[in-house]
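Notes for the one structure printed next.
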Amino acid sequence: MNRDVTDEAGSKEMDTGMCISPSQDHNPENLPYVHKVGVPPRQKLLKQFTTSVKETFFAGNPFRPFKGQSRLGKFVLALQAVFPIVSWGKDYNLARFKGDLIAGLTIASLCIPQDIGYARLANLPPQNGVYTSFVPPLIYAFMGSSRDIAIGPVAVVSLLLGSLLQNEIDPVKDALEYRRLAFTATFFAGVTQFTLGFFRLGFLIDFLSHAAIVGFMGGAAITIALQQLKGLLGISNFTRKTDIVSVMRSVWGTIHHGWNWQTMAIGISFLAFLLLAKHIGKKNNKLFWVPAIAPMVCVILSTFLVYITHADKHGVPIVRHIKKGINPPSFKEIYFTGKYFGKGFRIGVLSGMIGLTEAIAIGRTFAAVKDYHLDGNKEMVALGSMNVVGSMTSCYVATGSFSRSAVNFMAGCNTAMSNIVMSCVVFLTLEFMTSLFKYTPNAILASIIISAVVGLIDVEAVSLLWKIDKFDFVACMGAFFGVIFVSVEIGLLIAVSISFAKILLQVTRPRTALLGNLPGTAVYRNILQYPEAKKVPGILIVRVDSAIYFSNSNYIKERILRWLTDEEEQLKKKGLPAIQYLVVEMSPVTDIDTSGIHAFEELYRSLQKRDVQLLLANPGPIVVNKLHASKIATLIGESKIFLSVADAVRYVPKTEEP
């Protein structure tokens, strides 16, 4: 998109009412006053460096509250920074607790069935999924700054973790080693998240574009739903691959001998119930509790149905056993050496980044709705800490769950206390109620997962991408098809690659524009955006809409020369005077490096050979400093650097039109 840059600074007030054209006489006495371009005083190198570091890593100035505080005050502020619960806990009251209690109980009823299903998605025992909704939410409640995020295992990360882990170790034949590798990956996921937050490198996750995330999430949702056909249809021999071709081949290949009609009846009927409950919740926000408790209602009803009908003896797969008791320690099971150390590290980094992206996006969404500030770097430290601790307590990668967070928000949560309430309910479940899930059919878990991931397919966002930016749409579709037709990791790779490709394309091929004068004003704008803008005879005015670096300097020089060549050819055909002056509008040029300086030198010499003079308009302070430091300002002529395009045009002697 071409930016409209105000290029009439310093002259707008003088010339608002008259059309700017080359002055009739190039005598300075007859020209309006032209303000010189200011050259700011050069800053010391150390000050420039510290300013740059502060803006990059400490943009929010997190140390500002510490100024003027006593040692005790600084200690309290530091404690509040690390543990936000200290800050909001001192003002906590019964009224707030009522909202958090209702929200915590509501998301607990949703999380337990989901946890069991997501653990199966990660090829882990069901208790590991439930463990992950006990310890990590407690850690996050003390360290997290979001009031609305509900912590636990999520579908996309579970699928990613399961698909990557099973490529290294068979989860059936070597379940113990598989579980150890899962804990190792979780540990390094936490270390990655903590490191990014501690060193304030949270901006790195922004390199994964919104379009790529939409495509990746949509593809992952379809992949997850297809994986659940095994439980929904009662298929025993199912492919371990995640691509749609392999899954559909496995499904249709067992249609005559592998499907179980009792399982299908249970799964499909309760899936319809869950989707109906979700529809009711969307239609009426006051009925948010309907889709929230629907999974637990399905579990209770289906478990009772299987128990009284002995459907498990007729081929209906059931959960059978969930280990009783709270999380056992697993620190000794983490690989810190050996061949699985590197593999655990690689899988952990990928899983941690995806979990981080999802959690930060969710947190920012609800923070914007409730109008409070969410520190992304603090969130990363909290998420990393909870996953590191989680890896040592038999949990796998946890992050913010969108479905649970939405329910948490709708239920009226006020603080992270709702996560503590949820953890307490999970604790009671692990201690006293795990045996009640023995007869829960796997088809119900499949139905719960399918109903949960449907919301990850954002058709409206895809439609908006198509309308706004076709390249974003291509990035979205690339990630989407990569996930469903190849694998989750390939889809993720495509998403990251396309995001970087877009950045590189925008950096290496910045936009340029030809400017013309809007009649009756001193304003110069893009002639494509404003067709009524008139070109000035004998002058070519070009705007560069980007910083000029080594990656684009040669392209910008060549593009300007092509503009000049094209314009001269058109003028020659029409018999009009040739171009004598080239004005480069530099308002959008925020910076220039040595390659950019050399490009301007080459541009200047090329123009000299064509008898065209180079004029610069409105360079910023950084650019001006570098132009003078490199002597390019002297080469061009300091008198040919102007505050605005209008000033540059006034400088030029009038060219008579034929």
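To be explicit about the labels: the chains of the structure tokens are called A, B, and onward in the order shown, and within each one the residues are counted from 1, while ligands get numbers from 1 in the order they are shown.
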Task: Test item: residues at most 12 Å from Asn554 of chain A, only C-alpha atoms, excluding those fewer than 2 positions along its chain, as a list in words - done: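 Contacts, in chain order: Thr508, Arg509, Pro510, Ile548, Tyr549, Phe550, Ser551, Asn552, Ile556, Lys557, Glu558, Arg559, Ile560, Leu561, Thr594, Ser595, Gly596, Ile597, His598, Ala599, Phe600, Glu601, Glu602 and Leu603 of chain A.
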Let me see the file: selected residues, N, CA and C atoms, as a compact mmCIF listing (two decimals), in the first residue's frame.
# COMPACT_ATOMS: atom_id res chain seq x y z
N THR A 508 13.17 -6.34 0.07
CA THR A 508 14.01 -6.28 -1.13
C THR A 508 13.34 -5.59 -2.31
N ARG A 509 12.00 -5.54 -2.30
CA ARG A 509 11.27 -4.89 -3.39
C ARG A 509 10.28 -3.87 -2.82
N PRO A 510 10.81 -2.78 -2.25
CA PRO A 510 9.91 -1.77 -1.69
C PRO A 510 9.15 -1.03 -2.78
N ILE A 548 16.34 2.39 3.06
CA ILE A 548 17.22 1.96 1.96
C ILE A 548 18.40 1.21 2.56
N TYR A 549 18.42 -0.10 2.33
CA TYR A 549 19.46 -0.96 2.87
C TYR A 549 20.15 -1.73 1.75
N PHE A 550 21.14 -2.52 2.15
CA PHE A 550 21.89 -3.31 1.17
C PHE A 550 20.97 -4.24 0.38
N SER A 551 19.87 -4.67 1.00
CA SER A 551 18.99 -5.63 0.35
C SER A 551 18.12 -5.02 -0.73
N ASN A 552 17.95 -3.70 -0.71
CA ASN A 552 17.07 -3.09 -1.71
C ASN A 552 17.67 -1.89 -2.42
N ILE A 556 16.21 -0.06 -5.81
CA ILE A 556 15.65 1.30 -5.77
C ILE A 556 16.32 2.18 -6.81
N LYS A 557 17.66 2.08 -6.91
CA LYS A 557 18.39 2.87 -7.91
C LYS A 557 17.91 2.53 -9.32
N GLU A 558 17.82 1.23 -9.61
CA GLU A 558 17.41 0.80 -10.94
C GLU A 558 15.95 1.16 -11.22
N ARG A 559 15.10 1.09 -10.18
CA ARG A 559 13.69 1.42 -10.38
C ARG A 559 13.53 2.89 -10.69
N ILE A 560 14.28 3.75 -10.01
CA ILE A 560 14.20 5.19 -10.28
C ILE A 560 14.67 5.48 -11.70
N LEU A 561 15.75 4.84 -12.11
CA LEU A 561 16.25 5.05 -13.47
C LEU A 561 15.26 4.54 -14.51
N THR A 594 25.32 2.00 4.23
CA THR A 594 26.41 2.35 3.29
C THR A 594 26.08 1.91 1.87
N SER A 595 25.38 0.78 1.72
CA SER A 595 24.98 0.35 0.37
C SER A 595 24.01 1.35 -0.24
N GLY A 596 23.12 1.89 0.60
CA GLY A 596 22.20 2.91 0.11
C GLY A 596 22.92 4.18 -0.30
N ILE A 597 23.94 4.56 0.48
CA ILE A 597 24.74 5.74 0.13
C ILE A 597 25.43 5.53 -1.22
N HIS A 598 26.04 4.35 -1.41
CA HIS A 598 26.70 4.05 -2.69
C HIS A 598 25.70 4.05 -3.83
N ALA A 599 24.50 3.57 -3.56
CA ALA A 599 23.47 3.56 -4.60
C ALA A 599 23.12 4.99 -5.02
N PHE A 600 23.06 5.91 -4.06
CA PHE A 600 22.77 7.30 -4.40
C PHE A 600 23.92 7.95 -5.16
N GLU A 601 25.14 7.56 -4.81
CA GLU A 601 26.29 8.06 -5.57
C GLU A 601 26.21 7.61 -7.02
N GLU A 602 25.90 6.32 -7.21
CA GLU A 602 25.78 5.79 -8.57
C GLU A 602 24.61 6.43 -9.31
N LEU A 603 23.50 6.66 -8.60
CA LEU A 603 22.35 7.33 -9.20
C LEU A 603 22.73 8.74 -9.64
Open item on the list: For a quick check of understanding, using only C-alpha atoms, which of A:Asn284, A:Thr415, A:Ser546, A:Gln262 has the smallest distance to Tyr140 of chain A?
Closed with: A:Thr415
Open item on the list: For a quick check of understanding, using only C-alpha atoms, which of A:Gly390, A:Gly89, A:Gly73, A:Gly455 has the smallest distance to Ser330 of chain A?
Closed with: A:Gly390
Open item on the list: If I take atom CA of Asn260 of chain A and atom CA of Lys230 of chain A, how far is one from the other in Å, to one decimal?
Closed with: 10.4 Å
Open item on the list: I need the residue nearest Glu177 of chain A from this list: A:Asp469, A:Thr51, A:Pro126, A:Leu165. Use only C-alpha atoms for the distance.
Closed with: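 Smallest distance to Glu177 of chain A is found for A:Leu165.
For the set A:Ser487, A:Gln48, A:Thr565, A:Thr184, the residue with the smallest atom-to-atom gap to Gly342 of chain A is A:Thr184, counting only C-alpha atoms.
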